[in-house]
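Visitor: File name input-v2.tsv; file contents TSV, C-alpha atoms; full text below.
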```tsv
chain	number	residue	atom	x	y	z
A	13	VAL	CA	75.75	94.32	93.55
A	14	LEU	CA	76.84	97.75	94.77
A	15	THR	CA	79.13	98.20	91.75
A	16	VAL	CA	76.27	97.39	89.38
A	17	VAL	CA	73.96	99.86	91.11
A	18	LYS	CA	76.55	102.62	90.80
A	19	LYS	CA	76.99	102.04	87.08
A	20	MET	CA	73.31	101.67	86.19
A	21	ASP	CA	70.72	104.40	85.97
A	22	VAL	CA	68.17	102.97	88.41
A	23	GLN	CA	66.24	106.15	89.14
A	24	GLY	CA	62.59	105.18	89.53
A	25	LEU	CA	63.25	101.45	89.15
A	26	LYS	CA	60.75	99.32	91.09
A	27	VAL	CA	62.51	96.76	93.26
A	28	LEU	CA	61.06	94.05	95.48
A	29	VAL	CA	63.29	92.71	98.28
A	30	ILE	CA	62.13	89.44	99.87
A	31	ASP	CA	64.14	88.02	102.75
A	32	ASP	CA	63.28	86.61	106.16
A	33	SER	CA	66.02	88.71	107.74
A	34	ASN	CA	64.83	92.15	108.81
A	35	THR	CA	68.43	93.43	108.82
A	36	ILE	CA	69.02	92.39	105.22
A	37	ARG	CA	65.70	93.83	104.09
A	38	ARG	CA	66.33	97.21	105.73
A	39	THR	CA	69.94	97.41	104.53
A	40	ALA	CA	68.96	96.64	100.95
A	41	GLU	CA	66.03	99.05	101.15
A	42	THR	CA	68.26	101.89	102.37
A	43	LEU	CA	70.92	101.37	99.70
A	44	LEU	CA	68.45	101.00	96.85
A	45	ALA	CA	66.38	103.98	97.98
A	46	LYS	CA	69.52	106.17	98.02
A	47	ALA	CA	70.15	105.07	94.43
A	48	GLY	CA	66.68	106.32	93.49
A	49	CYS	CA	64.73	103.06	93.42
A	50	ASN	CA	61.15	102.60	94.54
A	51	VAL	CA	61.55	99.77	97.05
A	52	ALA	CA	59.06	97.36	98.58
A	53	THR	CA	60.05	94.71	101.12
A	54	ALA	CA	58.47	91.52	102.41
A	55	SER	CA	59.48	88.68	104.68
A	56	ASN	CA	57.53	86.19	102.56
A	57	GLY	CA	55.18	86.02	99.60
A	58	PHE	CA	51.95	85.71	101.55
A	59	ASP	CA	51.56	89.00	103.42
A	60	SER	CA	50.44	91.05	100.45
A	61	LEU	CA	47.96	88.45	99.18
A	62	ALA	CA	45.67	89.42	102.05
A	63	LYS	CA	45.05	92.68	100.18
A	64	ILE	CA	43.67	90.95	97.09
A	65	VAL	CA	40.03	90.07	96.43
A	66	PHE	CA	39.52	86.60	94.98
A	67	ILE	CA	36.36	85.56	93.14
A	68	TYR	CA	36.34	81.83	92.39
A	69	VAL	CA	34.37	80.63	89.36
A	70	GLN	CA	34.32	76.96	88.38
A	71	HIS	CA	32.03	74.82	86.27
A	72	ILE	CA	30.99	72.24	88.85
A	73	ASP	CA	27.80	70.58	90.10
A	74	ASN	CA	26.00	72.45	92.84
A	75	GLN	CA	26.47	69.48	95.17
A	76	GLN	CA	30.25	70.01	95.05
A	77	VAL	CA	30.22	73.63	96.19
A	78	ASP	CA	30.48	73.03	99.95
A	79	ILE	CA	33.27	70.50	99.44
A	80	LEU	CA	35.16	72.99	97.28
A	81	MET	CA	34.74	75.72	99.89
A	82	ARG	CA	36.25	73.52	102.58
A	83	MET	CA	39.14	72.61	100.29
A	84	ILE	CA	39.91	76.26	99.55
A	85	GLU	CA	39.85	77.24	103.23
A	86	THR	CA	42.04	74.28	104.17
A	87	GLN	CA	44.62	75.01	101.48
A	88	THR	CA	44.72	78.81	101.77
A	89	GLY	CA	43.57	79.63	105.28
A	90	TRP	CA	41.36	82.39	103.84
A	91	PRO	CA	37.67	82.75	104.69
A	92	THR	CA	35.59	81.41	101.81
A	93	ARG	CA	32.00	82.54	101.27
A	94	HIS	CA	29.05	81.92	99.00
A	95	ALA	CA	28.29	84.86	96.73
A	96	THR	CA	25.00	86.27	98.02
A	97	THR	CA	23.01	89.41	97.26
A	98	GLY	CA	24.31	92.49	99.05
A	99	GLN	CA	27.60	90.89	100.01
A	100	LEU	CA	30.63	93.14	99.52
A	101	ILE	CA	33.71	91.43	98.18
A	102	GLU	CA	36.56	91.97	100.63
A	103	PRO	CA	40.35	91.67	100.51
A	104	GLY	CA	41.75	88.50	102.01
A	105	THR	CA	38.63	86.47	101.24
A	106	VAL	CA	37.51	84.08	98.53
A	107	THR	CA	33.99	84.51	97.14
A	108	LEU	CA	32.70	81.34	95.50
A	109	VAL	CA	30.13	81.88	92.74
A	110	SER	CA	27.18	79.51	92.63
A	111	PRO	CA	26.83	77.29	89.55
A	112	ARG	CA	23.09	77.19	90.20
A	113	TYR	CA	22.05	80.85	90.40
A	114	GLU	CA	23.03	83.63	88.04
A	115	THR	CA	25.30	86.07	89.84
A	116	ARG	CA	26.70	89.47	88.94
A	117	LEU	CA	29.32	91.79	90.39
A	118	CYS	CA	27.88	95.29	90.63
A	119	LYS	CA	29.77	98.55	90.22
A	120	ARG	CA	29.94	99.27	93.94
A	121	GLY	CA	31.67	95.98	94.66
A	122	TRP	CA	28.74	93.97	95.96
A	123	MET	CA	27.28	90.76	94.63
A	124	LEU	CA	23.82	90.32	93.17
A	125	ARG	CA	22.53	86.74	93.06
A	126	PHE	CA	19.30	86.00	91.26
A	127	ASN	CA	16.86	83.18	92.00
A	128	SER	CA	17.01	82.10	88.37
A	129	PRO	CA	19.56	79.81	86.69
A	130	TRP	CA	22.40	81.01	84.52
A	131	GLN	CA	21.58	81.84	80.92
A	132	GLY	CA	23.70	80.38	78.15
A	133	GLN	CA	25.99	77.41	77.80
A	134	TYR	CA	28.09	77.77	80.95
A	135	ALA	CA	27.13	77.86	84.61
A	136	PRO	CA	28.59	79.87	86.18
A	137	SER	CA	29.67	82.18	83.35
A	138	ILE	CA	33.24	83.49	83.53
A	139	ASP	CA	32.54	85.90	80.67
A	140	SER	CA	29.60	87.47	82.49
A	141	LEU	CA	31.44	87.94	85.79
A	142	ALA	CA	34.55	89.28	84.06
A	143	LEU	CA	32.45	92.09	82.61
A	144	GLY	CA	31.43	93.34	86.07
A	145	LEU	CA	34.99	92.92	87.34
A	146	ALA	CA	36.46	94.97	84.50
A	147	LEU	CA	33.86	97.73	84.71
A	148	LYS	CA	34.53	98.31	88.40
A	149	TYR	CA	38.25	97.65	88.81
A	150	LYS	CA	39.53	98.41	85.28
A	151	HIS	CA	43.36	98.17	85.28
A	152	ASN	CA	43.30	96.68	88.78
A	153	SER	CA	41.31	93.67	87.61
A	154	GLY	CA	42.71	90.34	86.54
A	155	LEU	CA	41.68	86.89	85.39
A	156	ILE	CA	43.55	83.62	85.91
A	157	ILE	CA	42.37	80.74	83.73
A	158	PHE	CA	43.09	77.23	84.97
A	159	THR	CA	42.33	73.81	83.57
A	160	GLY	CA	38.83	73.49	82.13
A	161	MET	CA	36.67	72.56	79.17
A	162	GLY	CA	35.02	74.82	76.60
A	163	ASP	CA	35.83	78.42	75.69
A	164	ASP	CA	34.16	80.26	78.57
A	165	GLY	CA	36.47	83.08	79.58
A	166	VAL	CA	37.73	84.10	76.13
A	167	LYS	CA	35.32	87.04	75.86
A	168	GLY	CA	35.90	87.84	79.52
A	169	CYS	CA	39.65	88.03	78.95
A	170	GLN	CA	39.08	90.44	76.08
A	171	THR	CA	37.00	92.66	78.38
A	172	ILE	CA	39.67	92.61	81.09
A	173	VAL	CA	42.48	93.44	78.64
A	174	ASP	CA	40.49	96.23	76.99
A	175	ARG	CA	40.32	97.99	80.36
A	176	GLY	CA	43.96	97.53	81.22
A	177	GLY	CA	43.71	94.42	83.39
A	178	ARG	CA	45.87	91.29	83.33
A	179	VAL	CA	45.16	87.79	82.03
A	180	TRP	CA	47.23	84.83	83.15
A	181	VAL	CA	46.75	81.23	82.02
A	182	GLN	CA	47.83	77.85	83.30
A	183	ASP	CA	50.09	76.15	80.77
A	184	PRO	CA	47.76	73.94	78.68
A	185	ALA	CA	50.46	71.26	78.55
A	186	GLU	CA	50.05	70.59	82.29
A	187	CYS	CA	46.24	70.84	82.41
A	188	THR	CA	43.91	67.90	82.94
A	189	ALA	CA	41.48	69.58	80.54
A	190	SER	CA	43.31	72.00	78.26
A	191	ALA	CA	40.46	73.32	76.08
A	192	MET	CA	39.72	76.47	78.10
A	193	PRO	CA	43.35	77.57	78.65
A	194	SER	CA	44.17	76.78	75.03
A	195	ALA	CA	41.24	78.88	73.83
A	196	VAL	CA	42.46	81.91	75.82
A	197	VAL	CA	46.08	81.45	74.70
A	198	GLY	CA	44.87	81.10	71.10
A	199	SER	CA	42.96	84.38	71.39
A	200	GLY	CA	46.23	86.19	72.02
A	201	LYS	CA	44.95	87.84	75.21
A	202	ALA	CA	47.19	86.07	77.74
A	203	ASP	CA	49.85	88.24	79.38
A	204	PHE	CA	51.51	85.26	81.03
A	205	VAL	CA	51.37	81.47	80.64
A	206	GLY	CA	52.94	79.18	83.20
A	207	SER	CA	52.64	76.31	85.63
A	208	VAL	CA	50.58	76.57	88.81
A	209	GLU	CA	53.80	77.20	90.75
A	210	GLN	CA	54.86	79.95	88.32
A	211	LEU	CA	51.44	81.57	88.53
A	212	ALA	CA	51.67	81.59	92.33
A	213	GLU	CA	55.11	83.20	92.19
A	214	ARG	CA	53.87	85.75	89.66
A	215	ILE	CA	50.90	86.85	91.72
A	216	CYS	CA	53.13	87.38	94.78
A	217	MET	CA	55.59	89.40	92.71
A	218	GLU	CA	52.89	91.52	91.06
A	219	THR	CA	51.26	92.25	94.40
A	220	HIS	CA	54.51	93.47	95.91
A	221	GLN	CA	55.18	95.63	92.85
A	222	MET	CA	51.77	97.25	93.24
A	223	GLU	CA	52.69	98.06	96.84
A	224	ALA	CA	55.93	99.65	95.65
A	225	CYS	CA	54.02	101.83	93.18
A	226	SER	CA	51.66	103.02	95.90
A	227	GLN	CA	54.45	104.13	98.22
```
Starting from the file, lay out its structure as structure tokens.
Guide:
Amino acid sequence: VLTVVKKMDVQGLKVLVIDDSNTIRRTAETLLAKAGCNVATASNGFDSLAKIVFIYVQHIDNQQVDILMRMIETQTGWPTRHATTGQLIEPGTVTLVSPRYETRLCKRGWMLRFNSPWQGQYAPSIDSLALGLALKYKHNSGLIIFTGMGDDGVKGCQTIVDRGGRVWVQDPAECTASAMPSAVVGSGKADFVGSVEQLAERICMETHQMEACSQ
């Protein structure tokens, strides 16, 4: 590895070092930094995820919302909340959007939930929420499309991409319902297509790279 580093021009290269050994992380960080790399380190892939805001949008019956919230908290360990008016979205939390009431993300990062139902074919509307996400966070925004029916999300992905954000899609071949992922892939707006495991690995990697850029 040292021979390769000496021969390559790595000035400004962004490198992520993940190892559970502090000694190995620090040694690698020191050597790579001397070679001119921008280095970020982590003991595992979960630490940086606490700095990301997650907004969860799924076409489900209203009666299933509380069950879904419990499932998310059990699987992730992150606090999961209903999207309510005046609520600021916060890093390390999951905000679950109601399928019953129309909800928007405002420019200052707080939610606005109306007492009226969603307009249009889909409830909740991924396209509508993606617009608010892109307007506020621009290149720091992102959309991950999982298994689902219909084409909700295609316009939202276009909005995200137009403002420099990222769009990732679950591989339609492994989806229970592939219509929604296939529609986004067919639109040509997907930056990455992969399995659930690959998407999880990608989000950890991207998060660590963002940390490296900020250092």
Visitor: Would you please work out which residue, of A:Thr53, A:Thr92, A:Thr171, A:Gln99, is nearest to Ala146 of chain A when using all atoms listed in the file?
Guide: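 Among the listed residues, the smallest separation from Ala146 of chain A belongs to A:Thr171.
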Visitor: Please provide the set of residues having any atom within 9 Å of segment 114-129 of chain A, restricted to all atoms listed in the file, with same-chain residues fewer than 3 positions apart removed, written as a PyMOL selection string.
Guide: chain A and resi 95-102+109-111+135-137+140-145+147-149
Visitor: Tell me which of A:Leu80, A:Val196, A:Ile156, A:Cys169 sits closest to Arg214 of chain A, counting only C-alpha atoms.
Guide: A:Ile156
Visitor: Select, from A:Ala202, A:Ile72, A:Ala195, A:Ala52, the residue with the minimum atom-to-atom distance to Gly154 of chain A, counting all atoms listed in the file.
Guide: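 Selected residue with least distance to Gly154 of chain A: A:Ala202.
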Visitor: What is the atom CA of Gln170 of chain A-atom CA of Val106 of chain A distance in Å, reported with one decimal?
Guide: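 Taking atom CA of Gln170 of chain A as the start and atom CA of Val106 of chain A as the end point, the length is 23.4 Å.
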